[in-house]
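Student: Pasting upload-v8.txt below, which is compact mmCIF, C-alpha atoms (C1' of nucleotides).
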```
# COMPACT_ATOMS: atom_id res chain seq x y z
CA MET P 24 -38.33 -17.52 -108.65
CA ILE P 25 -41.65 -16.14 -107.45
CA THR P 26 -43.60 -19.04 -106.11
CA GLN P 27 -46.61 -20.10 -108.10
CA HIS P 28 -49.58 -17.84 -108.35
CA PRO P 29 -52.73 -19.96 -108.10
CA ASP P 30 -54.98 -20.24 -111.12
CA ARG P 31 -58.22 -18.35 -110.96
CA ASP P 32 -60.15 -21.53 -110.31
CA GLN P 33 -57.84 -22.54 -107.54
CA ILE P 34 -58.39 -19.46 -105.45
CA ARG P 35 -59.94 -20.61 -102.18
CA LEU P 36 -62.17 -18.38 -100.15
CA GLU P 37 -60.68 -19.51 -96.84
CA ASN P 38 -57.24 -18.44 -98.01
CA VAL P 39 -58.44 -15.08 -99.23
CA LEU P 40 -60.24 -14.38 -95.99
CA SER P 41 -57.42 -15.37 -93.71
CA ALA P 42 -54.99 -13.40 -95.86
CA LEU P 43 -57.19 -10.34 -95.48
CA GLY P 44 -57.77 -11.05 -91.82
CA ASN P 45 -54.42 -9.44 -91.11
CA PRO P 46 -54.59 -5.63 -90.79
CA MET P 47 -51.25 -5.12 -92.53
CA ARG P 48 -52.30 -7.10 -95.55
CA LEU P 49 -55.76 -5.59 -95.64
CA GLN P 50 -54.14 -2.17 -95.69
CA VAL P 51 -51.91 -3.20 -98.57
CA VAL P 52 -54.90 -4.38 -100.55
CA ARG P 53 -56.66 -1.09 -99.96
CA VAL P 54 -53.69 0.84 -101.28
CA LEU P 55 -53.39 -1.41 -104.32
CA ALA P 56 -57.09 -1.01 -105.02
CA ALA P 57 -56.85 2.75 -104.80
CA GLU P 58 -53.58 3.33 -106.57
CA GLY P 59 -53.05 0.38 -108.88
CA GLU P 60 -49.76 -1.37 -109.39
CA ARG P 61 -47.08 -0.41 -106.92
CA ALA P 62 -43.58 -1.38 -105.95
CA CYS P 63 -43.02 -3.55 -102.91
CA GLY P 64 -41.21 -0.88 -100.97
CA GLY P 65 -43.11 2.13 -99.75
CA LEU P 66 -46.05 0.12 -98.44
CA LEU P 67 -45.66 -0.65 -94.76
CA PRO P 68 -42.24 0.93 -94.53
CA GLU P 69 -41.72 0.24 -90.85
CA MET P 70 -41.41 -3.52 -91.15
CA SER P 71 -38.33 -5.53 -91.86
CA ARG P 72 -37.75 -6.71 -95.43
CA SER P 73 -38.20 -10.34 -94.54
CA THR P 74 -41.52 -9.66 -92.85
CA LEU P 75 -42.74 -7.86 -95.94
CA THR P 76 -41.66 -10.74 -98.14
CA HIS P 77 -43.68 -13.02 -95.90
CA HIS P 78 -46.81 -10.91 -96.35
CA TRP P 79 -46.40 -10.69 -100.12
CA ARG P 80 -46.14 -14.44 -100.20
CA VAL P 81 -49.36 -14.91 -98.26
CA LEU P 82 -51.23 -12.50 -100.50
CA ARG P 83 -49.77 -14.06 -103.61
CA ASP P 84 -50.36 -17.67 -102.60
CA SER P 85 -53.93 -16.92 -101.64
CA GLY P 86 -54.55 -15.40 -105.07
CA VAL P 87 -55.19 -11.83 -103.96
CA ILE P 88 -52.30 -10.14 -105.75
CA TRP P 89 -50.03 -10.48 -108.73
CA GLN P 90 -46.36 -10.06 -108.10
CA ARG P 91 -44.03 -9.46 -111.03
CA PRO P 92 -40.39 -8.48 -111.03
CA SER P 93 -39.34 -5.33 -112.83
CA GLY P 94 -35.70 -4.54 -112.68
CA ARG P 95 -34.62 -4.79 -109.09
CA GLU P 96 -38.10 -4.05 -107.83
CA ASN P 97 -41.19 -6.20 -107.47
CA LEU P 98 -44.47 -4.77 -108.59
CA LEU P 99 -47.66 -5.71 -106.79
CA SER P 100 -51.16 -5.43 -108.17
CA LEU P 101 -54.62 -6.62 -107.21
CA ARG P 102 -56.03 -9.63 -109.08
CA ARG P 103 -59.27 -7.77 -109.42
CA GLU P 104 -60.52 -9.52 -112.54
CA ASP P 105 -59.89 -12.97 -111.17
CA LEU P 106 -61.42 -12.19 -107.81
CA ASP P 107 -64.46 -10.59 -109.43
CA ALA P 108 -64.91 -13.57 -111.70
CA ARG P 109 -64.50 -16.08 -108.93
CA PHE P 110 -66.40 -14.28 -106.19
CA PRO P 111 -68.59 -11.60 -107.77
CA GLY P 112 -69.05 -8.55 -105.62
CA LEU P 113 -66.84 -9.78 -102.85
CA LEU P 114 -63.88 -7.54 -103.47
CA ASP P 115 -65.97 -4.40 -103.66
CA ALA P 116 -67.81 -5.32 -100.49
CA LEU P 117 -64.53 -6.00 -98.75
CA LEU P 118 -63.02 -2.71 -99.83
CA ALA P 119 -66.10 -0.80 -98.72
CA ALA P 120 -66.03 -2.66 -95.43
CA ALA P 121 -62.36 -1.89 -94.99
CA GLU P 122 -63.14 1.77 -95.45
CA ALA P 123 -65.89 1.68 -92.84
CA ASN P 124 -63.59 -0.25 -90.58
CA ALA P 125 -60.76 2.23 -90.95
CA ALA P 126 -63.12 5.11 -90.20
CA THR P 127 -64.09 3.70 -86.82
CA GLU P 128 -60.52 2.72 -86.14
CA LYS P 129 -59.56 6.35 -86.45
CA SER P 130 -62.35 7.55 -84.18
CA ASP P 131 -61.54 4.81 -81.68
CA SER P 132 -57.97 5.93 -81.28
CA ALA P 133 -59.13 9.55 -81.04
CA SER P 134 -61.49 8.82 -78.18
CA MET G 17 -71.61 -16.74 -68.40
CA ILE G 18 -71.29 -16.27 -72.14
CA THR G 19 -68.43 -13.91 -72.72
CA GLN G 20 -69.31 -10.47 -73.97
CA HIS G 21 -70.72 -10.07 -77.42
CA PRO G 22 -69.16 -6.98 -79.00
CA ASP G 23 -71.37 -3.99 -79.72
CA ARG G 24 -72.23 -3.40 -83.31
CA ASP G 25 -69.79 -0.53 -83.55
CA GLN G 26 -67.01 -2.58 -82.06
CA ILE G 27 -67.12 -5.27 -84.71
CA ARG G 28 -63.75 -5.23 -86.46
CA LEU G 29 -63.35 -6.35 -90.02
CA GLU G 30 -60.05 -8.12 -89.32
CA ASN G 31 -61.72 -10.25 -86.68
CA VAL G 32 -64.65 -11.12 -88.90
CA LEU G 33 -62.38 -12.09 -91.76
CA SER G 34 -60.04 -14.23 -89.72
CA ALA G 35 -63.01 -15.87 -88.02
CA LEU G 36 -64.42 -16.74 -91.43
CA GLY G 37 -61.00 -17.74 -92.71
CA ASN G 38 -61.47 -21.07 -91.01
CA PRO G 39 -63.43 -23.58 -93.12
CA MET G 40 -65.24 -25.01 -90.12
CA ARG G 41 -66.52 -21.64 -89.04
CA LEU G 42 -67.36 -20.57 -92.56
CA GLN G 43 -69.45 -23.69 -92.89
CA VAL G 44 -71.27 -22.93 -89.67
CA VAL G 45 -72.09 -19.43 -90.88
CA ARG G 46 -73.47 -20.82 -94.11
CA VAL G 47 -75.76 -23.15 -92.22
CA LEU G 48 -76.94 -20.40 -89.90
CA ALA G 49 -77.60 -18.13 -92.85
CA ALA G 50 -79.63 -20.81 -94.58
CA GLU G 51 -81.52 -22.23 -91.64
CA GLY G 52 -81.68 -19.49 -89.03
CA GLU G 53 -81.21 -20.05 -85.34
CA ARG G 54 -79.85 -23.45 -84.44
CA ALA G 55 -78.62 -25.35 -81.43
CA CYS G 56 -74.92 -25.78 -80.91
CA GLY G 57 -74.95 -29.51 -81.43
CA GLY G 58 -75.67 -30.91 -84.84
CA LEU G 59 -73.32 -28.54 -86.64
CA LEU G 60 -69.91 -30.10 -87.16
CA PRO G 61 -70.76 -33.26 -85.28
CA GLU G 62 -67.38 -34.88 -85.77
CA MET G 63 -65.47 -32.51 -83.53
CA SER G 64 -65.05 -32.72 -79.81
CA ARG G 65 -67.32 -30.57 -77.65
CA SER G 66 -64.49 -28.46 -76.39
CA THR G 67 -63.30 -27.73 -79.90
CA LEU G 68 -66.78 -26.63 -80.86
CA THR G 69 -66.97 -24.35 -77.85
CA HIS G 70 -63.73 -22.80 -79.03
CA HIS G 71 -65.15 -22.06 -82.47
CA TRP G 72 -68.36 -20.59 -81.04
CA ARG G 73 -66.25 -18.31 -78.93
CA VAL G 74 -64.27 -17.07 -81.92
CA LEU G 75 -67.42 -16.41 -83.92
CA ARG G 76 -69.09 -14.73 -80.96
CA ASP G 77 -66.12 -12.56 -79.99
CA SER G 78 -65.65 -11.41 -83.57
CA GLY G 79 -69.30 -10.34 -83.71
CA VAL G 80 -70.47 -12.80 -86.33
CA ILE G 81 -73.02 -14.70 -84.27
CA TRP G 82 -75.31 -14.36 -81.29
CA GLN G 83 -75.19 -17.08 -78.75
CA ARG G 84 -77.97 -17.39 -76.21
CA PRO G 85 -78.73 -20.13 -73.74
CA SER G 86 -82.09 -21.86 -73.88
CA GLY G 87 -82.62 -24.56 -71.37
CA ARG G 88 -79.64 -26.81 -71.51
CA GLU G 89 -78.86 -25.89 -75.07
CA ASN G 90 -77.17 -22.90 -76.63
CA LEU G 91 -78.77 -21.35 -79.65
CA LEU G 92 -76.63 -19.77 -82.34
CA SER G 93 -77.78 -17.22 -84.87
CA LEU G 94 -76.18 -14.91 -87.40
CA ARG G 95 -75.88 -11.23 -86.45
CA ARG G 96 -77.13 -10.35 -89.88
CA GLU G 97 -78.61 -6.96 -89.03
CA ASP G 98 -75.50 -5.78 -87.25
CA LEU G 99 -73.19 -7.02 -89.95
CA ASP G 100 -75.34 -5.48 -92.68
CA ALA G 101 -75.42 -2.17 -90.86
CA ARG G 102 -71.72 -2.15 -90.17
CA PHE G 103 -70.49 -3.53 -93.49
CA PRO G 104 -73.28 -3.20 -96.06
CA GLY G 105 -73.32 -5.94 -98.62
CA LEU G 106 -70.42 -7.81 -97.13
CA LEU G 107 -72.32 -10.70 -95.64
CA ASP G 108 -74.27 -11.39 -98.80
CA ALA G 109 -71.09 -11.26 -100.87
CA LEU G 110 -69.39 -13.60 -98.44
CA LEU G 111 -72.24 -16.09 -98.49
CA ALA G 112 -72.37 -16.05 -102.27
CA ALA G 113 -68.62 -16.51 -102.38
CA ALA G 114 -68.84 -19.37 -99.92
CA GLU G 115 -71.34 -21.04 -102.19
CA ALA G 116 -69.09 -20.65 -105.23
CA ASN G 117 -66.21 -21.88 -103.14
CA ALA G 118 -68.04 -24.96 -101.95
CA ALA G 119 -69.06 -25.79 -105.49
CA THR G 120 -65.47 -25.98 -106.70
CA GLU G 121 -64.46 -27.79 -103.55
CA LYS G 122 -66.87 -30.52 -104.43
CA SER G 123 -65.67 -30.80 -108.01
CA ASP G 124 -62.08 -30.72 -106.83
CA SER G 125 -62.52 -33.72 -104.61
CA ALA G 126 -64.42 -35.50 -107.36
CA SER G 127 -61.64 -35.10 -109.88
C1' DT D 2 -15.88 -2.90 -111.94
C1' DG D 3 -17.64 -1.80 -107.60
C1' DG D 4 -20.91 0.01 -104.48
C1' DA D 5 -25.64 0.95 -103.42
C1' DT D 6 -30.35 -0.58 -103.67
C1' DT D 7 -33.97 -4.06 -103.54
C1' DG D 8 -35.87 -8.50 -102.42
C1' DT D 9 -35.50 -13.26 -101.17
C1' DT D 10 -34.13 -17.15 -98.25
C1' DC D 11 -33.00 -19.23 -94.06
C1' DG D 12 -33.16 -20.11 -89.24
C1' DA D 13 -34.88 -18.68 -85.04
C1' DC D 14 -38.09 -16.98 -81.51
C1' DC D 15 -42.46 -16.19 -79.52
C1' DG D 16 -47.18 -15.82 -79.28
C1' DT D 17 -51.51 -17.45 -80.80
C1' DA D 18 -54.72 -20.91 -82.81
C1' DC D 19 -56.62 -25.59 -83.09
C1' DT D 20 -57.37 -29.86 -81.10
C1' DC D 21 -58.33 -33.00 -77.47
C1' DG D 22 -59.49 -35.25 -72.83
C1' DT D 23 -61.09 -34.51 -68.40
C1' DA D 24 -63.64 -32.24 -65.05
C1' DG D 25 -67.37 -29.15 -63.61
C1' DG D 26 -72.00 -26.75 -63.79
C1' DG D 27 -76.76 -26.13 -65.36
C1' DT D 28 -81.10 -28.27 -66.99
C1' DC D 29 -84.49 -31.74 -68.06
C1' DG D 30 -87.18 -35.94 -67.18
C1' DC D 31 -88.08 -39.89 -64.27
C1' DG T 24 -83.08 -36.72 -55.73
C1' DC T 25 -80.77 -38.89 -59.48
C1' DG T 26 -79.05 -39.88 -63.79
C1' DA T 27 -78.68 -38.32 -68.53
C1' DC T 28 -77.73 -34.64 -71.42
C1' DC T 29 -75.58 -30.32 -73.22
C1' DC T 30 -72.25 -27.26 -72.95
C1' DT T 31 -68.22 -24.65 -70.73
C1' DA T 32 -63.65 -24.27 -68.45
C1' DC T 33 -59.12 -25.68 -67.93
C1' DG T 34 -54.73 -27.71 -69.04
C1' DA T 35 -51.73 -29.69 -72.48
C1' DG T 36 -49.79 -30.72 -76.88
C1' DT T 37 -48.94 -29.52 -81.49
C1' DA T 38 -48.92 -26.60 -85.32
C1' DC T 39 -49.04 -22.29 -87.53
C1' DG T 40 -48.26 -17.19 -88.10
C1' DG T 41 -45.77 -12.89 -87.54
C1' DT T 42 -41.51 -10.90 -86.61
C1' DC T 43 -36.66 -10.31 -86.89
C1' DG T 44 -31.45 -10.49 -88.29
C1' DA T 45 -27.97 -12.23 -91.20
C1' DA T 46 -26.57 -13.92 -95.48
C1' DC T 47 -27.28 -14.23 -100.35
C1' DA T 48 -28.79 -12.88 -105.31
C1' DA T 49 -30.05 -9.65 -108.80
C1' DT T 50 -30.10 -5.10 -110.67
C1' DC T 51 -28.87 -0.40 -111.45
C1' DC T 52 -25.72 3.49 -111.70
C1' DA T 53 -21.46 5.94 -111.34
```
Could I get this structure in the form of structure tokens?
Tutor:
Amino acid sequence: MITQHPDRDQIRLENVLSALGNPMRLQVVRVLAAEGERACGGLLPEMSRSTLTHHWRVLRDSGVIWQRPSGRENLLSLRREDLDARFPGLLDALLAAAEANAATEKSDSAS
Amino acid sequence: MITQHPDRDQIRLENVLSALGNPMRLQVVRVLAAEGERACGGLLPEMSRSTLTHHWRVLRDSGVIWQRPSGRENLLSLRREDLDARFPGLLDALLAAAEANAATEKSDSAS
DNA sequence: TGGATTGTTCGACCGTACTCGTAGGGTCGC
DNA sequence: GCGACCCTACGAGTACGGTCGAACAATCCA
């Protein structure tokens, strides 16, 4: 039954930050930001189904994503409007930071 | 001996976000941003010393603050320059978001 | 209808995070 | 030197987070 998405006004910064503090979830958010709505599967394919469900729940409960069923799939999308309204500029700064972060991550592993 | 502060280039976004995902630490960062360098004590006075030390360590290891001894005190300060260089705009967006967040927190508890 | 596909739920395990009390090590002022 | 002060280090307890497998529910397609 898709646990409750929080209202825009109920989105708490602590929850958003700890949700995005996990590299898996941060990566998911980057993909959603770049490519729009996407099905659950296909992101993070090397994890077990139940682990994925856990991560969707964290992102959903913290107010970062919408999750809506469509047939036998679940579609995920960023709550960009709500996040922008609640915390102006934060999402863009986070996405830019994630990009910078990923760049050094790549060069780190190459060194 | 003050565990190692990470170099600017070694600051990882995941660590910063999960450090700031804790309300106590987020509050500390807000105070440091507003008031500059401050002694350890006086922030979060209702926690035990050892708990505070734990939080300073998390903030320090994630690259969010500098910690330097001065006499028998330890002074904390935001690593604003490093954070701005590494993740431009992120810190300001986070501080603004923290402000918005604290505003609703207050009205929540008042309701 | 029946099988394949997709997600969720549940219980479990393990590691990490948060908290505290106690003990120890510097530093300041008398 | 000595006590008071500030913080750190360590150990312990509790809670939470991330991961998995197995079982279940819903949907699609042949």
Student: I'd like the interatomic distance between CA of Gly94 (chain P) and C1' of DC11 (chain D), to a tenth of an Å.
Tutor: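 These atoms are spaced 23.9 Å apart.
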Student: Per residue of chain G within 6 Å of chain P, note the shortest atom pair and the distance in Å to one decimal, counting all atoms listed in the file, and order the rows by chain and increasing residue number, as CSV.
Tutor:
```
residue,atom,partner,partner_atom,distance
G:Glu30,CA,P:Gly44,CA,4.5
G:Leu33,CA,P:Gly44,CA,4.7
G:Ser34,CA,P:Gly44,CA,4.4
G:Gly37,CA,P:Ser41,CA,4.4
G:Phe103,CA,P:Ala120,CA,4.9
G:Gly105,CA,P:Ala116,CA,5.9
G:Leu106,CA,P:Ala116,CA,4.9
G:Ala109,CA,P:Leu113,CA,4.9
G:Ala113,CA,P:Phe110,CA,4.9
```
Student: With all atoms listed in the file as the basis for distance, which of P:Thr76, P:Val54, P:Pro68, P:Arg31 is at the shortest distance from DT10 (chain D)?
Tutor: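 Ranked by minimum distance to DT10 (chain D), first place goes to P:Thr76.
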Student: Report as a VMD selection string the set of chain T residues whose atoms approach chain G to within 10 Å, with distances computed over only C-alpha atoms (C1' of nucleotides).
Tutor: chain T and resid 28 to 32
Student: Find the distance between CA of Leu98 (chain P) and C1' of DG3 (chain D) and write it in Å to one decimal.
Tutor: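 C1' of DG3 (chain D) lies at a distance of 27.0 Å from CA of Leu98 (chain P).
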Student: Chain D residues within 9 Å of chain P, counting all atoms listed in the file: which ones, as a PyMOL selection string?
Tutor: chain D and resi 6-10
Student: Do a neighbour search on DA5 (chain D) at 12 Å with only C-alpha atoms (C1' of nucleotides), toss out local chain neighbours closer than 3 positions, and write the hits as number ranges by chain.
Tutor: T: 50-53
Student: Report, in Å to a single decimal, how far apart C1' of DG16 (chain D) and CA of Met63 (chain G) are.
Tutor: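 Calculated distance between CA of Met63 (chain G) and C1' of DG16 (chain D) is 25.1 Å.
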